[in-house]
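File shown: my_file03.cif. Contents: mmCIF, C-alpha atoms.
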```cif
data_entry
#
loop_
_atom_site.label_atom_id
_atom_site.label_comp_id
_atom_site.auth_asym_id
_atom_site.auth_seq_id
_atom_site.Cartn_x
_atom_site.Cartn_y
_atom_site.Cartn_z
CA MET A 1 -13.13 34.92 23.00
CA GLU A 2 -11.86 32.40 25.51
CA HIS A 3 -8.36 31.77 24.28
CA ALA A 4 -7.18 30.46 27.62
CA VAL A 5 -9.38 27.37 27.65
CA THR A 6 -8.64 26.23 24.11
CA ASP A 7 -6.96 22.87 24.06
CA PRO A 8 -3.88 23.05 21.78
CA ALA A 9 -5.01 19.79 20.21
CA ASP A 10 -8.19 21.47 18.92
CA LEU A 11 -6.38 24.26 17.10
CA PRO A 12 -6.05 24.19 13.36
CA LEU A 13 -2.71 23.22 11.91
CA ASP A 14 -0.27 26.06 11.54
CA GLN A 15 3.06 26.43 9.80
CA GLN A 16 5.01 25.07 12.74
CA ASP A 17 2.89 21.88 12.61
CA GLN A 18 3.38 21.66 8.89
CA ALA A 19 7.14 22.01 9.32
CA ILE A 20 7.10 19.12 11.82
CA LEU A 21 5.00 16.96 9.51
CA ASP A 22 7.19 17.75 6.51
CA ARG A 23 10.32 16.66 8.39
CA LEU A 24 8.57 13.54 9.67
CA ALA A 25 7.62 12.62 6.12
CA ALA A 26 11.17 13.21 4.93
CA ILE A 27 12.63 11.08 7.74
CA HIS A 28 10.23 8.19 7.10
CA ALA A 29 10.85 8.41 3.36
CA LEU A 30 14.55 8.07 4.13
CA LEU A 31 14.38 5.31 6.74
CA ASP A 32 11.56 3.20 5.32
CA PRO A 33 11.03 3.91 1.62
CA PRO A 34 8.59 1.84 -0.46
CA PRO A 35 10.26 -0.94 -2.48
CA ALA A 36 11.87 0.49 -5.61
CA ASP A 37 9.63 -1.61 -7.89
CA LEU A 38 6.32 -0.90 -6.18
CA ASP A 39 5.11 1.69 -8.72
CA GLU A 40 6.09 -0.53 -11.61
CA ARG A 41 4.44 -3.57 -10.08
CA VAL A 42 1.18 -1.74 -9.46
CA THR A 43 1.05 -0.13 -12.88
CA PHE A 44 1.67 -3.51 -14.49
CA ALA A 45 -1.05 -5.15 -12.38
CA ILE A 46 -3.75 -2.58 -13.09
CA ALA A 47 -3.13 -2.28 -16.84
CA LEU A 48 -6.07 -4.59 -17.58
CA ASP A 49 -8.39 -4.27 -20.54
CA ASP A 50 -11.48 -5.08 -18.52
CA LEU A 51 -11.93 -3.43 -15.14
CA ASP A 52 -14.63 -5.74 -13.92
CA ALA A 53 -12.78 -8.45 -12.02
CA GLU A 54 -12.87 -10.17 -8.70
CA VAL A 55 -9.57 -9.65 -6.89
CA ALA A 56 -7.92 -12.69 -5.31
CA ARG A 57 -5.65 -11.69 -2.44
CA LEU A 58 -2.24 -13.15 -1.87
CA VAL A 59 -2.74 -15.02 1.40
CA GLU A 60 0.34 -17.17 1.66
CA GLN A 61 3.75 -17.36 0.13
CA GLN A 62 6.38 -19.79 1.24
CA PRO A 63 9.49 -21.52 0.05
CA VAL A 64 9.08 -25.26 -0.19
CA GLY A 65 12.80 -25.81 -0.18
CA SER A 66 15.05 -27.33 -2.75
CA GLY A 67 13.99 -30.28 -4.79
CA ALA A 68 15.98 -33.42 -5.37
CA ARG A 69 18.28 -31.42 -7.62
CA SER A 70 19.74 -28.80 -5.38
CA ALA A 71 19.75 -26.10 -8.05
CA GLU A 72 15.96 -26.24 -8.21
CA ARG A 73 14.23 -23.81 -5.90
CA THR A 74 10.53 -24.13 -5.30
CA ARG A 75 7.97 -21.89 -3.66
CA THR A 76 4.21 -21.81 -3.41
CA ILE A 77 1.79 -18.90 -3.49
CA THR A 78 -1.89 -18.99 -2.60
CA PHE A 79 -4.34 -16.39 -3.92
CA ASP A 80 -7.72 -16.36 -2.30
CA GLY A 81 -10.76 -14.97 -4.09
CA GLU A 82 -14.36 -15.08 -3.00
CA SER A 83 -15.38 -17.50 -5.72
CA ARG A 84 -12.15 -19.47 -6.13
CA THR A 85 -8.66 -20.06 -4.79
CA VAL A 86 -5.60 -20.25 -7.02
CA MET A 87 -2.58 -22.14 -5.68
CA ILE A 88 0.66 -22.20 -7.59
CA THR A 89 4.04 -23.81 -7.22
CA ILE A 90 6.92 -22.04 -8.92
CA VAL A 91 9.89 -24.18 -9.79
CA ASP A 92 13.14 -22.58 -10.89
CA ARG A 93 14.52 -24.54 -13.84
CA GLN A 94 18.19 -25.14 -14.45
CA ASP A 95 18.07 -23.03 -17.61
CA GLY A 96 17.02 -19.82 -15.89
CA LEU A 97 13.33 -20.12 -16.73
CA VAL A 98 10.55 -21.24 -14.40
CA ARG A 99 7.71 -23.73 -14.46
CA ILE A 100 4.40 -22.92 -12.78
CA ASP A 101 2.13 -25.72 -11.63
CA GLY A 102 -1.27 -24.42 -10.59
CA TRP A 103 -4.47 -25.63 -9.10
CA LEU A 104 -7.92 -24.04 -8.98
CA ALA A 105 -10.24 -24.77 -6.06
CA PRO A 106 -13.08 -25.45 -6.38
CA SER A 107 -11.76 -27.32 -9.40
CA ALA A 108 -13.13 -26.50 -12.86
CA PRO A 109 -11.78 -26.69 -16.42
CA LEU A 110 -11.48 -22.92 -16.75
CA GLN A 111 -9.31 -20.80 -18.97
CA VAL A 112 -6.28 -19.45 -17.14
CA GLU A 113 -4.30 -16.56 -18.59
CA LEU A 114 -0.76 -15.70 -17.55
CA ARG A 115 -0.03 -12.01 -18.07
CA LEU A 116 3.61 -11.03 -18.52
CA PRO A 117 5.06 -7.55 -19.05
CA GLU A 118 5.17 -6.30 -22.63
CA PRO A 119 6.37 -7.28 -25.14
CA ALA A 120 5.97 -10.88 -23.95
CA PRO A 121 2.66 -12.27 -25.22
CA HIS A 122 0.07 -13.44 -22.73
CA ARG A 123 -0.25 -17.20 -22.44
CA THR A 124 -3.47 -19.08 -22.02
CA VAL A 125 -4.12 -22.65 -20.93
CA THR A 126 -7.23 -24.51 -19.87
CA ALA A 127 -7.20 -26.24 -16.52
CA ASP A 128 -8.16 -29.93 -16.47
CA VAL A 129 -11.30 -31.13 -14.69
CA ALA A 130 -9.30 -31.44 -11.49
CA GLY A 131 -8.45 -27.74 -11.81
CA ARG A 132 -4.78 -28.35 -12.59
CA PHE A 133 -2.81 -26.26 -15.08
CA THR A 134 0.83 -25.73 -16.02
CA PHE A 135 2.88 -22.98 -17.64
CA ASP A 136 6.40 -24.01 -18.53
CA SER A 137 9.49 -22.09 -19.67
CA VAL A 138 8.31 -18.80 -18.24
CA PRO A 139 10.90 -16.02 -17.91
CA HIS A 140 11.65 -14.38 -14.56
CA GLY A 141 9.97 -11.07 -13.83
CA PHE A 142 6.46 -9.88 -13.04
CA ALA A 143 3.50 -12.14 -13.72
CA GLN A 144 -0.23 -12.11 -13.03
CA PHE A 145 -3.09 -14.58 -13.47
CA LEU A 146 -6.54 -14.03 -14.91
CA VAL A 147 -9.03 -16.86 -14.51
CA GLN A 148 -12.12 -16.75 -16.74
CA PRO A 149 -15.43 -17.62 -15.13
CA PRO A 150 -17.41 -20.71 -16.20
CA GLU A 151 -19.36 -20.02 -19.39
CA ASP A 152 -22.77 -20.19 -17.73
CA SER A 153 -21.70 -17.94 -14.88
CA ALA A 154 -22.53 -14.31 -14.28
CA LEU A 155 -19.38 -13.89 -12.20
CA PRO A 156 -16.60 -11.61 -13.44
CA ARG A 157 -13.17 -13.06 -14.09
CA LEU A 158 -10.74 -13.53 -11.25
CA VAL A 159 -7.53 -11.52 -11.17
CA THR A 160 -4.50 -12.01 -8.92
CA PRO A 161 -2.03 -9.37 -7.84
CA ALA A 162 1.21 -9.25 -9.81
CA PHE A 163 3.95 -11.35 -8.28
CA THR A 164 7.60 -11.81 -9.11
CA LEU A 165 8.83 -14.99 -10.71
CA MET B 1 -10.78 33.57 13.89
CA ALA B 2 -8.67 33.59 10.79
CA VAL B 3 -8.44 30.64 8.50
CA VAL B 4 -4.91 29.40 8.65
CA THR B 5 -3.44 28.82 5.26
CA LEU B 6 -0.59 26.39 5.24
CA SER B 7 2.45 27.47 3.36
CA ASN B 8 3.07 25.87 0.03
CA GLY B 9 6.79 25.86 0.58
CA GLY B 10 8.30 23.68 3.22
CA ALA B 11 10.34 20.55 2.89
CA GLY B 12 7.63 18.33 1.44
CA THR B 13 8.90 16.22 -1.39
CA SER B 14 5.92 16.09 -3.71
CA GLN B 15 4.31 18.98 -5.45
CA ALA B 16 1.69 20.28 -3.09
CA GLY B 17 -1.14 22.69 -3.52
CA PRO B 18 -4.18 22.96 -5.73
CA ASP B 19 -2.11 22.15 -8.84
CA ARG B 20 -1.62 18.64 -7.64
CA ALA B 21 -5.29 18.20 -6.81
CA ALA B 22 -6.23 19.47 -10.25
CA ARG B 23 -3.73 17.19 -11.92
CA LEU B 24 -4.95 14.15 -9.96
CA GLY B 25 -8.52 15.10 -10.78
CA ALA B 26 -7.71 15.22 -14.48
CA CYS B 27 -5.94 11.85 -14.34
CA LEU B 28 -8.86 10.32 -12.49
CA GLU B 29 -11.26 11.67 -15.10
CA ARG B 30 -9.17 10.22 -17.93
CA ALA B 31 -8.90 6.87 -16.19
CA ARG B 32 -12.68 6.75 -15.75
CA ASN B 33 -12.97 7.28 -19.47
CA GLY B 34 -10.87 4.23 -20.11
CA GLU B 35 -7.39 5.77 -20.44
CA MET B 36 -5.71 3.46 -18.01
CA ASP B 37 -2.28 5.02 -18.53
CA ALA B 38 -3.56 8.04 -16.66
CA LEU B 39 -3.98 5.95 -13.56
CA GLY B 40 -0.23 5.35 -13.53
CA ASP B 41 0.35 8.97 -12.54
CA VAL B 42 -2.12 8.62 -9.72
CA VAL B 43 -0.32 5.47 -8.57
CA ARG B 44 3.04 7.23 -8.47
CA GLU B 45 1.57 10.15 -6.51
CA LEU B 46 -0.26 8.13 -3.89
CA ASN B 47 1.83 4.98 -3.47
CA PRO B 48 4.13 6.48 -0.81
CA LEU B 49 1.14 7.47 1.32
CA LEU B 50 -0.45 4.02 0.98
CA TRP B 51 2.87 2.32 1.71
CA HIS B 52 3.16 4.18 5.00
CA VAL B 53 -0.47 3.38 5.83
CA ALA B 54 0.25 -0.34 5.43
CA ARG B 55 3.56 -0.17 7.31
CA ALA B 56 2.02 1.86 10.13
CA GLU B 57 -0.53 -0.95 10.52
CA GLY B 58 2.34 -3.28 11.36
CA LEU B 59 2.80 -5.18 8.10
CA SER B 60 6.15 -6.52 6.92
CA ALA B 61 7.59 -4.87 3.82
CA GLU B 62 6.44 -7.74 1.62
CA GLU B 63 2.94 -7.78 3.08
CA ALA B 64 2.69 -4.01 2.77
CA ALA B 65 3.63 -4.09 -0.92
CA ASP B 66 1.04 -6.79 -1.63
CA THR B 67 -1.63 -4.96 0.32
CA VAL B 68 -1.02 -1.69 -1.53
CA GLN B 69 -1.14 -3.47 -4.86
CA THR B 70 -4.36 -5.30 -4.00
CA THR B 71 -5.96 -2.01 -2.98
CA TRP B 72 -5.26 -0.55 -6.45
CA LEU B 73 -6.68 -3.67 -8.11
CA GLU B 74 -9.82 -3.38 -6.02
CA LEU B 75 -10.11 0.26 -6.99
CA LEU B 76 -10.59 -0.66 -10.65
CA ARG B 77 -14.12 -1.90 -10.06
CA ARG B 78 -15.00 1.21 -8.08
CA LEU B 79 -13.48 3.73 -10.41
CA GLN B 80 -16.81 4.82 -11.82
CA ASP B 81 -18.18 5.64 -8.37
CA ILE B 82 -15.30 7.86 -7.29
CA GLN B 83 -15.73 11.42 -8.44
CA SER B 84 -13.01 13.54 -6.84
CA PRO B 85 -9.32 13.24 -5.92
CA ARG B 86 -10.35 13.77 -2.33
CA ALA B 87 -12.78 10.84 -2.43
CA LEU B 88 -10.14 8.77 -4.20
CA THR B 89 -7.56 9.37 -1.48
CA ALA B 90 -10.06 8.64 1.27
CA TRP B 91 -11.16 5.43 -0.45
CA LEU B 92 -7.58 4.24 -1.00
CA VAL B 93 -6.47 4.96 2.57
CA THR B 94 -9.50 3.20 4.01
CA ALA B 95 -9.13 0.20 1.70
CA THR B 96 -5.41 -0.11 2.47
CA ARG B 97 -6.08 -0.09 6.20
CA ARG B 98 -8.78 -2.74 5.84
CA GLY B 99 -6.50 -4.84 3.67
CA ALA B 100 -3.72 -4.47 6.24
CA TRP B 101 -6.00 -5.59 9.07
CA ARG B 102 -7.05 -8.62 7.06
CA THR B 103 -3.45 -9.52 6.24
CA ARG B 104 -2.41 -9.11 9.87
CA GLU B 105 -5.27 -11.33 10.97
CA LEU B 106 -4.25 -14.00 8.46
CA SER B 107 -0.58 -14.03 9.36
CA ARG B 108 -1.50 -14.26 13.01
CA ARG B 109 -3.55 -17.38 12.27
CA GLN B 110 -0.80 -18.87 10.15
CA ALA B 111 1.91 -18.28 12.75
CA PRO B 112 2.81 -21.43 14.67
CA ASP B 113 1.32 -21.63 18.16
CA GLY B 114 3.15 -19.56 20.67
CA ALA B 115 5.58 -18.23 18.13
CA GLU B 116 4.91 -14.54 17.82
CA ARG B 117 6.16 -13.45 14.46
CA LEU B 118 8.64 -10.65 14.56
CA GLU B 119 6.77 -8.79 11.84
CA LEU B 120 3.71 -8.59 14.03
CA THR B 121 5.41 -6.21 16.38
CA PRO B 122 3.58 -2.96 15.82
CA ASP B 123 5.23 -0.39 13.63
CA PRO B 124 8.15 -2.38 12.25
CA GLY B 125 9.02 0.70 10.24
CA PRO B 126 12.09 2.83 10.44
CA GLU B 127 14.92 0.99 12.04
CA PRO B 128 16.69 3.10 14.58
CA GLY B 129 18.85 4.52 11.84
CA GLU B 130 19.56 7.90 13.33
CA GLN B 131 23.00 7.91 11.82
CA LEU B 132 21.25 8.35 8.47
CA LEU B 133 19.67 11.56 9.64
CA SER B 134 21.78 14.44 8.57
CA GLY B 135 20.57 17.46 10.46
CA GLU B 136 20.52 17.97 14.20
CA ARG B 137 16.91 19.07 14.08
CA ASP B 138 15.91 15.82 12.40
CA SER B 139 17.69 13.83 15.10
CA VAL B 140 15.91 15.81 17.81
CA LEU B 141 12.58 15.34 16.06
CA TRP B 142 13.18 11.62 15.64
CA GLN B 143 14.10 11.17 19.30
CA HIS B 144 10.91 12.84 20.49
CA PHE B 145 8.82 11.05 17.91
CA GLN B 146 10.08 7.70 19.23
CA ARG B 147 8.85 8.60 22.69
CA LEU B 148 5.25 8.97 21.49
CA PRO B 149 2.82 6.10 22.06
CA GLU B 150 2.75 3.59 19.21
CA ARG B 151 -0.71 4.69 18.10
CA CYS B 152 0.48 8.29 17.75
CA ARG B 153 3.54 7.28 15.77
CA ALA B 154 1.38 5.31 13.34
CA LEU B 155 -1.07 8.18 12.95
CA LEU B 156 1.54 10.90 12.45
CA ARG B 157 3.51 8.79 10.05
CA ILE B 158 0.48 8.55 7.78
CA VAL B 159 -0.69 12.12 8.20
CA ALA B 160 2.82 13.40 7.42
CA HIS B 161 2.60 11.75 4.00
CA ALA B 162 -0.70 13.33 3.12
CA ASP B 163 -0.40 16.41 0.97
CA ARG B 164 -2.40 19.45 1.79
CA PRO B 165 -5.23 18.93 -0.67
CA ASP B 166 -5.68 15.41 0.71
CA TYR B 167 -5.21 16.28 4.31
CA SER B 168 -8.84 16.38 5.38
CA ALA B 169 -9.59 13.23 3.41
CA VAL B 170 -6.80 11.32 5.13
CA ALA B 171 -7.67 12.69 8.54
CA GLU B 172 -11.26 11.64 8.03
CA ALA B 173 -10.28 8.16 6.83
CA LEU B 174 -8.19 7.76 9.98
CA GLY B 175 -11.00 8.94 12.22
CA MET B 176 -9.15 12.08 13.25
CA PRO B 177 -11.09 15.08 14.44
CA ILE B 178 -11.57 17.81 11.89
CA GLY B 179 -12.62 21.25 13.03
CA SER B 180 -15.03 23.48 11.21
CA ILE B 181 -12.24 25.08 9.20
CA GLY B 182 -10.23 21.99 8.44
CA PRO B 183 -8.07 19.46 10.18
CA THR B 184 -7.05 20.25 13.72
CA ARG B 185 -3.73 19.45 15.25
CA GLY B 186 -4.97 16.56 17.32
CA ARG B 187 -3.53 15.07 20.50
CA CYS B 188 -0.55 13.33 18.98
CA LEU B 189 0.80 16.28 17.06
CA ALA B 190 0.07 18.63 19.95
CA LYS B 191 2.13 16.39 22.21
CA LEU B 192 5.04 16.13 19.79
CA ARG B 193 4.95 19.85 19.14
CA ALA B 194 5.05 20.64 22.85
CA MET B 195 8.06 18.36 23.35
CA LEU B 196 9.86 19.92 20.41
CA LEU B 197 9.21 23.50 21.43
CA ASP B 198 10.70 22.66 24.84
CA ASP B 199 13.86 21.34 23.25
CA PRO B 200 16.48 23.96 22.34
CA GLY B 201 17.82 21.53 19.71
CA TRP B 202 14.60 22.06 17.73
CA SER B 203 13.59 25.62 18.50
CA THR B 204 16.95 27.33 17.99
CA PRO B 205 17.99 27.17 14.36
#
```
How does this structure look as structure tokens?
Amino acid sequence: MEHAVTDPADLPLDQQDQAILDRLAAIHALLDPPPADLDERVTFAIALDDLDAEVARLVEQQPVGSGARSAERTRTITFDGESRTVMITIVDRQDGLVRIDGWLAPSAPLQVELRLPEPAPHRTVTADVAGRFTFDSVPHGFAQFLVQPPEDSALPRLVTPAFTL
Amino acid sequence: MAVVTLSNGGAGTSQAGPDRAARLGACLERARNGEMDALGDVVRELNPLLWHVARAEGLSAEEAADTVQTTWLELLRRLQDIQSPRALTAWLVTATRRGAWRTRELSRRQAPDGAERLELTPDPGPEPGEQLLSGERDSVLWQHFQRLPERCRALLRIVAHADRPDYSAVAEALGMPIGSIGPTRGRCLAKLRAMLLDDPGWSTP
């Protein structure tokens, strides 16, 4: 047994190491905790009836600034999937609801579903041939899009992450 | 050589030990059989780990939250292929890291020329908020931790959030060496440990 040549880094973890790691975890949990709504957002997003879906990633989110009426805030979000990109503009209405103007690229008259947390019913619209669609009078809170594939396509539907309106 | 068994006590916040592994395994099984509510428990158990994986990769808080969420969505399609809690943890950690790299790459491209975004600074995590740390030992630990190279801080931050049943899986996903009887201490922890044991503020209770 050549204890002397053993590099401390190669030794198995012992209780002292575990104590250090436990404190490190506690410190990080205190100084940089996950957002309070992360669990809720994820559980909402994954509560889908059909698991086979292509996931579009959120690639850009930016405020567009205030519209002509200063009370109206606008921001855009881009979700990028392999088969299609979904771009949306969210406009805060004066009455506390929002309007979503969306665009599918490549454009296609596909069915777009807006999922909202229960008990709000899901809403479905069909994009026009230019890929444009609108949802109006949507309440604030979590939301998520599902885009159905073209009828003749073998592709699964497209799903976006949940985002906050 | 004796197999070192890590104590089940300690200051860890989540329930450790085989119970947790069994519980996660049962939830995973139920989720695979279409009971999607069961996956919610798995989410609550593993979100903190995945959050720290994304943050340790240098993402902003907003980017990290989106990356973690996307990882769970991507898991849905793979659910049938993942058989054990260990494989699940490994898959999630790996997918979160990949997602974080992709996000970092994207935000780099979107940043205006010459303007290095603040969020791109590696490890944006914990602000120097030592005043929040209650105990003296925690302050000592935090000081030494800050002196480690950035790569070590990222690694230890993630490993610290892995629970014992997942430890090997996480270590493997991070490319850390694992000895024949389980995870070894590794360079980063060995370094931190040596610094701490030299500091009377840590070693004397």
Please report, as CSV, each residue of chain A lying at most 10 Å from chain B, together with the nearest pair of atoms and the separation in Å rounded to one decimal; use only C-alpha atoms, and order rows by chain and ascending residue number.
```
residue,atom,partner,partner_atom,distance
A:Met1,CA,B:Met1,CA,9.5
A:Asp7,CA,B:Ala190,CA,9.2
A:Pro8,CA,B:Ala190,CA,6.2
A:Ala9,CA,B:Gly186,CA,4.3
A:Asp10,CA,B:Thr184,CA,5.5
A:Leu11,CA,B:Thr184,CA,5.3
A:Pro12,CA,B:Thr184,CA,4.1
A:Leu13,CA,B:Arg185,CA,5.1
A:Asp14,CA,B:Leu6,CA,6.3
A:Gln15,CA,B:Leu6,CA,5.8
A:Gln16,CA,B:Arg193,CA,8.3
A:Asp17,CA,B:Arg193,CA,7.1
A:Gln18,CA,B:Leu6,CA,7.2
A:Ala19,CA,B:Gly10,CA,6.4
A:Ile20,CA,B:Arg193,CA,7.7
A:Leu21,CA,B:Ala160,CA,4.7
A:Asp22,CA,B:Gly12,CA,5.1
A:Arg23,CA,B:Ala11,CA,6.7
A:Leu24,CA,B:Ala160,CA,6.2
A:Ala25,CA,B:Ala160,CA,5.0
A:Ala26,CA,B:Gly12,CA,7.1
A:Ile27,CA,B:Leu133,CA,7.3
A:His28,CA,B:Pro126,CA,6.6
A:Ala29,CA,B:Pro48,CA,8.1
A:Leu30,CA,B:Leu132,CA,8.0
A:Leu31,CA,B:Pro126,CA,5.0
A:Asp32,CA,B:Pro126,CA,5.2
A:Pro33,CA,B:Pro48,CA,7.8
A:Pro34,CA,B:Trp51,CA,6.1
A:Pro35,CA,B:Ala65,CA,7.5
A:Asp37,CA,B:Ala65,CA,9.5
A:Leu38,CA,B:Ala65,CA,6.7
A:Asp39,CA,B:Arg44,CA,5.9
A:Glu40,CA,B:Gly40,CA,8.8
A:Arg41,CA,B:Gln69,CA,7.6
A:Val42,CA,B:Gln69,CA,5.4
A:Thr43,CA,B:Gly40,CA,5.7
A:Phe44,CA,B:Gly40,CA,9.1
A:Ala45,CA,B:Leu73,CA,7.2
A:Ile46,CA,B:Leu73,CA,5.9
A:Ala47,CA,B:Met36,CA,6.4
A:Leu48,CA,B:Met36,CA,8.1
A:Asp49,CA,B:Met36,CA,8.6
A:Asp50,CA,B:Leu76,CA,9.1
A:Leu51,CA,B:Leu76,CA,5.4
A:Asp52,CA,B:Arg77,CA,5.5
A:Ala53,CA,B:Arg77,CA,7.0
A:Glu54,CA,B:Glu74,CA,7.9
A:Val55,CA,B:Glu74,CA,6.3
A:Ala56,CA,B:Thr70,CA,8.3
A:Arg57,CA,B:Thr70,CA,6.7
A:Leu58,CA,B:Asp66,CA,7.2
A:Val59,CA,B:Leu106,CA,7.3
A:Glu60,CA,B:Ser107,CA,8.4
A:Val159,CA,B:Leu73,CA,8.5
A:Thr160,CA,B:Thr70,CA,8.3
A:Pro161,CA,B:Thr70,CA,6.1
A:Ala162,CA,B:Gln69,CA,8.0
A:Phe163,CA,B:Asp66,CA,8.6
```
Discussion item. For the provided coordinates, the residues matched by the PyMOL selection byres ((chain A and resi 141) around 6) should be stated as a list in words.
Written reply: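 So the PyMOL selection byres ((chain A and resi 141) around 6), applied here, picks out His140, Phe142, Thr164 and Leu165 of chain A.
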Could you write out as a compact mmCIF listing (two decimals) with C-alpha atoms, in the coordinates of the input the residues that the PyMOL selection byres ((chain A and resi 102) around 9) matches in the shown file?
```
# COMPACT_ATOMS: atom_id res chain seq x y z
CA VAL A 86 -5.60 -20.25 -7.02
CA MET A 87 -2.58 -22.14 -5.68
CA ILE A 88 0.66 -22.20 -7.59
CA THR A 89 4.04 -23.81 -7.22
CA ILE A 90 6.92 -22.04 -8.92
CA ILE A 100 4.40 -22.92 -12.78
CA ASP A 101 2.13 -25.72 -11.63
CA TRP A 103 -4.47 -25.63 -9.10
CA LEU A 104 -7.92 -24.04 -8.98
CA ALA A 127 -7.20 -26.24 -16.52
CA GLY A 131 -8.45 -27.74 -11.81
CA ARG A 132 -4.78 -28.35 -12.59
CA PHE A 133 -2.81 -26.26 -15.08
CA THR A 134 0.83 -25.73 -16.02
CA PHE A 135 2.88 -22.98 -17.64
```
Worksheet item: CA of Val91 (chain A) to CA of Arg73 (chain A): how many Å, to one decimal?
Response: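 We find that CA of Val91 (chain A) and CA of Arg73 (chain A) lie 5.8 Å from each other.
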Discussion item. Could you tell me how far CA of Ala143 (chain A) sits from CA of Ala36 (chain A), in Å to one decimal place?
Written reply: 17.2 Å
Worksheet item: Glu151 (chain A): which residues within 12 Å, counting only C-alpha atoms, same-chain residues fewer than 4 positions away excluded, as a list of chain:residue names?
Response: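 Once the nearby chain positions are removed, what remains is A:Ala108, A:Pro109, A:Leu110, A:Gln111, A:Val147, A:Leu155, A:Pro156, A:Arg157.
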Discussion item. Can you translate the PyMOL selection byres ((chain A and resi 75) around 6) into the concrete residues it hits in this file, as a list in words?
Written reply: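 Checked against the file, the PyMOL selection byres ((chain A and resi 75) around 6) matches Gln62, Pro63, Val64, Thr74, Thr76, Thr89 and Ile90 of chain A.
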Worksheet item: What separation in Å, quoted to one decimal, exists between CA of Leu174 (chain B) and CA of Gly58 (chain B)?
Response: 15.3 Å
Worksheet item: Restricting the calculation to only C-alpha atoms, which member of B:Met195, B:Tyr167, B:Gly201, B:Cys152 is positioned closest to Gly135 (chain B)?
Response: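 Closest to Gly135 (chain B), using only C-alpha atoms: B:Gly201.
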Discussion item. Please list as a ChimeraX atom specification every residue within 10 Å of Pro139 (chain A), counting all atoms listed in the file and excluding residues in the same chain fewer than 3 positions away.
Written reply: /A:92,96-99,116,120,136,142-143,165
